[in-house]
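Structure, as structure tokens:
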Amino acid sequence: MKKLRLSRQGRSDLITYGIILLLCLILFLIGQSSYQLQGLLVPVCAQIMLAVSLNLTVGILGELSLGHAGFMCIGTFMGASFSIYMEQFIPIPALRFFLALLIGALSAGIMGFLIGLPVLRLKGDYLAIVTLAFGEIIKNLINMVYLGYDSSGLHFSMNDTASLGLAEDGVVIIKGPQGVTGTPTDSNFGIGILLVLLTVFIVLNLVHSRDGRAIMAIRDNEIAAESVGIHITKYKLMAFTISAALAGLAGSFYAHNYNNIKASTNNFGYNMSIMILVFVVLGGIGSIRGSVIAATILYMLPEVLRFMSQYRMLVYAIVLIVMMLFTWSPKAQAWKAVQLAKCRKRLRPLTDRFRKKSSGHMTGEGE
Amino acid sequence: MALLDVQNLGISFGGLRAVDDFHLQVKKGQLYGLIGPNGAGKTTVFNLLTGVYKPSEGIIRLDGEDITGRSNIEINKAGIARTFQNIRLFKDQTVLDNVKIGLHNRFHYNTFEGIFRLPRYRKIEKKMEEKAMELLEVFELEKEKDYLASNLPYGKQRKLEIARALATDPKLLLLDEPAAGMNPNETHELMETIRFIREKFDMTILLIEHDMKLVSGICEELTVLNFGSILCQGETEKVLQNPEVIKAYLGE
Amino acid sequence: MRFLSYLISGISLGSVYAIIALGYTMVYGIAKMLNFAHGDVIMVGGFSAFTIISMLGMPPALGVLTAVLVCTALGVVIEKVAYRPLRNASSSLAVLITAIGVSYLLQNLALLIFGSSTKSFESVVNIPALKLADGQINITGETIVTIVTCVIVMVMLTLFINRTKAGQAMLAVSEDKGAAQLMGINVNGTIALTFAIGSALAAIAGVLLCSAYPTLSPTTGAMPGIKAFVAAVFGGIGSIPGALIGGLLLGIIETLGKAYISSQLSDVIVFGILIVVLVVKPTGILGRKIQEKV
């Protein structure tokens, strides 16, 4: 009995990993078809990682965050700056890239912790607006940063390039609104797949552990969680920090796909945070596998709709609204339940034959 | 010495005196009832005892230890567990996981061990599972262990909440209207279960209840609250015959 | 003197935020949803007026009227088609995402119809600027109209809510939908009315905003929408005087921050203050605290 249950939980996870690999295969094949689509393979991996990590905050912890892109932004700029500066010291690209990913995750995680500490006692829409505010602050501040290095080390300024006071051999790494330039393009689709798997592995295993259960207990009923001795702030912070760190990892990975990257409104502002949230909600709140699928499809959709040229974003918007109405409206849900019942009735003769084999009940993991 | 010793407990909300000069001694192993009309302040007393509210005055001692003013988490660690009048389960988690969450502070491994499933994770998880199953078997919930808590029928949800409270290994168990919404059969079964818990876990139980059959059937002593203060206190039979109590319940 | 003129333009910007925030806060109070499309209704208001005034050459008053009518209708339609079906959805995030969808939809419709290039908006105000203190302080006609409009809107809204049956119905519905329904209040109608008023206010704000900052593009409404949302939260979401105070404070802080500290930092300051306010007083300046009953 016990073995069966463990294997069922394990099986559900295995299915998730299987789906990811299958999606990656499909993406790889799509990528072969055109140069433009191939260029999307690395970003789509980053989007999946972002969606899965945001789901940890929104689905597993049950708190709304609209500042996820801010953590990605930190990961991007810290990771990229590290790589550029370290190119002279660490000659092995693989090691340097690995460390850059780590730096991205760590810095975003620390930021997540520092932000989470004061704000996680806010709830619902108030938390949403505060996280949005933090995301915007991070983006705006990074747009003011100037960073360079020369033989005497790193130089930093919030004004302009000139005030960096670089020697003649100096190199500017971050140039305010023009962003970071000169990042080695180490990222590729293969590493992307590995990182997606790692992200999913971390989140799924966390969910199935003692800490994950505590986090979900807080989501389900804060007062009851306290009554059995669960420290609310500690676990909220834990989930938020891990979520931020994984977003930073995604950001650093994303950074190493482009020689130059700017912190503009569209790729790091609240628009981006909202887009990630859309993936999470449409994929199913709390469903990791749903986040993976939704992020892939929705990120590729505008590209696939390219043949409709200027109508594509309009179509995207309509698809989004219709899908939300269809998945979430109580009326539509009731209609679906009726249809499902009809289907079952029709299939009854078939299912009866298999009934003996099937046993037990479906369990959670929000699928 | 009493396991739970409450002296001069009181709290006000704004101008309202919700509980006033409340005192209570529950001996170890006792089954104690707290009764009174709606709005008498019974649940408020529970909230004071478990640290949901901080008392304006008074002292609460558990097993000789002063726990007044501690947070509900600390009080749970000190040894008081409770259930809620309006059931508060972790409804999107399985029955088994609900109990495992109750075991949270009794079994430890760190986050890293959990994420990377190191040997200690496997060992401790196995122990937790065994312990949780033991508790579920007491409440005959072992067959439903993989159900989501919200899918359980009402009576079983109440039982699961008690199992979860017991999982924290308390010295004192507080039950807030455990029979609310149950039919006579279920109530009868619940009485048996409560008695059984006391025997099996050597538990001290303080319960709020409206069902007089249950109260007179299992409680050894009673305290009657009315308008936030004690109307009567003592052995069950005597209390229930007290004319003041009858008046408070039935009116003039 | 410089300070005074910055202050006045801050109040002017704040008045626009306040008008938008009033709509935001009313909608939030009654529907308990963050209406991300609210900012885009502002943009639709701007484009409606632009079409009438600049493209068709009709008088400004007609432009304003059209903007208000178009937005009112739009608000009601959005509520009915996109939000109402999700009112009882199991997650409140569902309607939030739908609102984002509506926002994308409006922006992209505007993009298709009017193109992505920035339009220059002809001001609807033709009151001459007021010069004070030997011309050291210059108060533009737009500023005067904006501030006056804000005051009028505020007074009318307060009167409407406190003195009319429909206004009282709104309060009742925002307090408890079920109970309101039992008292014979038409809940759907009341919510629709709230969206209508909120959207009409957005239209007015849109025209004023475009008159004061005479540019118009499909994303014009996005940032003011977010800022007004911040203002509403700032003042305590659901509270009408809170929206006014929040809007004004936000406008003043932003303008002074731009003038005295750094134009790049002004948003950082605005959001930073928001965070501080909420961390200190989690329900905003005038918000009410609601505690969960155990």
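For the structure tokens, the naming scheme is as follows: chains receive sequential letters (A, B, ...) according to their order of presentation, residues are indexed from 1 within each chain, and ligands are indexed from 1 in presentation order.
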
- Define the interface residues of chain A facing chain B as those within 7 Å, counting only C-alpha atoms, and report them as a PyMOL selection string. chain A and resi 202+205-206+209-211+213-214+217+220-221+224+226-231+361+363-364

Restricting the output to C-alpha atoms, write the selected residues as a PDB file, in the first residue's frame.
```pdb
ATOM      1  CA  ILE A 202      13.682  21.700  -7.118  1.00  0.00           C
ATOM      2  CA  ASN A 205      10.777  17.973  -4.537  1.00  0.00           C
ATOM      3  CA  LEU A 206      10.263  20.966  -2.309  1.00  0.00           C
ATOM      4  CA  SER A 209       8.951  17.625   1.434  1.00  0.00           C
ATOM      5  CA  ARG A 210       8.264  18.696   5.005  1.00  0.00           C
ATOM      6  CA  ASP A 211       8.912  22.338   4.116  1.00  0.00           C
ATOM      7  CA  ARG A 213       3.809  20.790   3.129  1.00  0.00           C
ATOM      8  CA  ALA A 214       4.243  23.610   5.629  1.00  0.00           C
ATOM      9  CA  ALA A 217      -0.541  24.491   4.878  1.00  0.00           C
ATOM     10  CA  ASP A 220      -4.728  26.526   2.740  1.00  0.00           C
ATOM     11  CA  ASN A 221      -5.310  27.920   6.196  1.00  0.00           C
ATOM     12  CA  ALA A 224      -4.756  26.284  11.336  1.00  0.00           C
ATOM     13  CA  GLU A 226      -0.174  28.339  13.256  1.00  0.00           C
ATOM     14  CA  SER A 227      -2.264  26.149  15.510  1.00  0.00           C
ATOM     15  CA  VAL A 228      -0.054  23.170  14.694  1.00  0.00           C
ATOM     16  CA  GLY A 229       3.068  25.226  15.313  1.00  0.00           C
ATOM     17  CA  ILE A 230       4.103  26.227  11.797  1.00  0.00           C
ATOM     18  CA  HIS A 231       6.119  29.421  11.584  1.00  0.00           C
ATOM     19  CA  HIS A 361      -8.238   7.754  -5.941  1.00  0.00           C
ATOM     20  CA  THR A 363      -4.489  12.678  -5.195  1.00  0.00           C
ATOM     21  CA  GLY A 364      -3.406  16.238  -5.162  1.00  0.00           C
TER      22      GLY A 364
END
```

- Message: Taking only segment 73-278 of chain A into account, list the residues labelled strand (DSSP E or B) by DSSP (computed from the backbone), as a ChimeraX atom specification.
- Response: /A:146-150,153-157,171-175,180-181,260-261

Create the file for the chosen residues now, containing N, CA and C atoms and written as a PDB file, in the first residue's frame.
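So out15.pdb came out as:
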```pdb
ATOM      1  N   TYR A 146      25.886  52.482 -13.886  1.00  0.00           N
ATOM      2  CA  TYR A 146      27.019  52.413 -14.807  1.00  0.00           C
ATOM      3  C   TYR A 146      28.100  51.604 -14.120  1.00  0.00           C
ATOM      4  N   LEU A 147      28.626  50.628 -14.846  1.00  0.00           N
ATOM      5  CA  LEU A 147      29.623  49.753 -14.251  1.00  0.00           C
ATOM      6  C   LEU A 147      30.707  49.490 -15.287  1.00  0.00           C
ATOM      7  N   GLY A 148      31.944  49.583 -14.859  1.00  0.00           N
ATOM      8  CA  GLY A 148      33.044  49.305 -15.785  1.00  0.00           C
ATOM      9  C   GLY A 148      34.232  48.764 -15.021  1.00  0.00           C
ATOM     10  N   TYR A 149      35.233  48.317 -15.764  1.00  0.00           N
ATOM     11  CA  TYR A 149      36.445  47.872 -15.081  1.00  0.00           C
ATOM     12  C   TYR A 149      37.659  48.261 -15.902  1.00  0.00           C
ATOM     13  N   ASP A 150      38.757  48.432 -15.199  1.00  0.00           N
ATOM     14  CA  ASP A 150      40.047  48.600 -15.868  1.00  0.00           C
ATOM     15  C   ASP A 150      41.093  47.865 -15.046  1.00  0.00           C
ATOM     16  N   GLY A 153      40.565  47.601 -11.321  1.00  0.00           N
ATOM     17  CA  GLY A 153      39.408  46.920 -10.738  1.00  0.00           C
ATOM     18  C   GLY A 153      38.079  47.447 -11.252  1.00  0.00           C
ATOM     19  N   LEU A 154      37.017  47.194 -10.485  1.00  0.00           N
ATOM     20  CA  LEU A 154      35.671  47.582 -10.893  1.00  0.00           C
ATOM     21  C   LEU A 154      35.383  49.042 -10.540  1.00  0.00           C
ATOM     22  N   HIS A 155      34.633  49.726 -11.395  1.00  0.00           N
ATOM     23  CA  HIS A 155      34.197  51.098 -11.123  1.00  0.00           C
ATOM     24  C   HIS A 155      32.686  51.147 -11.239  1.00  0.00           C
ATOM     25  N   PHE A 156      32.081  51.947 -10.350  1.00  0.00           N
ATOM     26  CA  PHE A 156      30.631  51.980 -10.294  1.00  0.00           C
ATOM     27  C   PHE A 156      30.144  53.421 -10.204  1.00  0.00           C
ATOM     28  N   SER A 157      29.057  53.740 -10.888  1.00  0.00           N
ATOM     29  CA  SER A 157      28.506  55.093 -10.795  1.00  0.00           C
ATOM     30  C   SER A 157      27.014  55.047 -11.072  1.00  0.00           C
ATOM     31  N   VAL A 171      36.891  48.994 -19.684  1.00  0.00           N
ATOM     32  CA  VAL A 171      35.757  48.480 -20.442  1.00  0.00           C
ATOM     33  C   VAL A 171      34.483  48.795 -19.658  1.00  0.00           C
ATOM     34  N   VAL A 172      33.484  49.339 -20.367  1.00  0.00           N
ATOM     35  CA  VAL A 172      32.207  49.598 -19.706  1.00  0.00           C
ATOM     36  C   VAL A 172      31.343  48.347 -19.794  1.00  0.00           C
ATOM     37  N   ILE A 173      30.865  47.894 -18.643  1.00  0.00           N
ATOM     38  CA  ILE A 173      30.017  46.688 -18.644  1.00  0.00           C
ATOM     39  C   ILE A 173      28.545  47.073 -18.741  1.00  0.00           C
ATOM     40  N   ILE A 174      28.104  47.891 -17.802  1.00  0.00           N
ATOM     41  CA  ILE A 174      26.707  48.346 -17.834  1.00  0.00           C
ATOM     42  C   ILE A 174      26.693  49.839 -18.115  1.00  0.00           C
ATOM     43  N   LYS A 175      25.885  50.222 -19.089  1.00  0.00           N
ATOM     44  CA  LYS A 175      25.881  51.610 -19.533  1.00  0.00           C
ATOM     45  C   LYS A 175      24.484  52.184 -19.355  1.00  0.00           C
ATOM     46  N   VAL A 180      23.580  46.191 -20.548  1.00  0.00           N
ATOM     47  CA  VAL A 180      24.849  45.501 -20.411  1.00  0.00           C
ATOM     48  C   VAL A 180      25.291  45.006 -21.793  1.00  0.00           C
ATOM     49  N   THR A 181      26.555  45.246 -22.098  1.00  0.00           N
ATOM     50  CA  THR A 181      27.052  44.890 -23.427  1.00  0.00           C
ATOM     51  C   THR A 181      28.302  44.032 -23.301  1.00  0.00           C
ATOM     52  N   ASN A 260      23.979  42.005 -26.028  1.00  0.00           N
ATOM     53  CA  ASN A 260      23.526  43.234 -25.361  1.00  0.00           C
ATOM     54  C   ASN A 260      22.106  43.035 -24.846  1.00  0.00           C
ATOM     55  N   ILE A 261      21.873  43.534 -23.621  1.00  0.00           N
ATOM     56  CA  ILE A 261      20.519  43.411 -23.087  1.00  0.00           C
ATOM     57  C   ILE A 261      20.178  44.669 -22.288  1.00  0.00           C
TER      58      ILE A 261
END
```

Give me the residues within 7 Å of Val224 of chain B as a PDB file with C-alpha atoms, in the first residue's frame, counting only C-alpha atoms and dropping any in the same chain fewer than 5 places off.
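The resulting file, out-v7.pdb, is reproduced below:
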```pdb
ATOM      1  CA  LEU B  34     -17.049  24.414  28.689  1.00  0.00           C
ATOM      2  CA  ILE B  35     -20.662  25.255  27.944  1.00  0.00           C
ATOM      3  CA  GLY B  36     -22.872  28.282  27.680  1.00  0.00           C
ATOM      4  CA  ILE B 230     -18.553  32.182  34.897  1.00  0.00           C
ATOM      5  CA  LEU B 231     -22.076  31.296  35.889  1.00  0.00           C
ATOM      6  CA  CYS B 232     -21.325  28.000  37.514  1.00  0.00           C
ATOM      7  CA  GLN B 233     -18.499  25.521  37.862  1.00  0.00           C
TER       8      GLN B 233
END
```

- Query: Using only C-alpha atoms, which residues sit within 10 Å of Gly225 of chain C once same-chain residues fewer than 5 positions away are excluded, as a PyMOL selection string?
  - Reply: chain C and resi 17+20-21+24+35-43+202+220+230-231

- Which of segment 204-349 of chain A DSSP labels alpha helix (DSSP H), written as a VMD selection string: chain A and resid 204 to 207 210 to 220 222 to 227 232 to 255 265 to 268 270 to 283 288 to 304 312 to 328 330 to 349

- Hey, list the chain B side of the contact with chain C: 10 Å cut-off, only C-alpha atoms, answer as a VMD selection string. chain B and resid 43 to 44 46 to 47 52 to 53 84 to 86 88
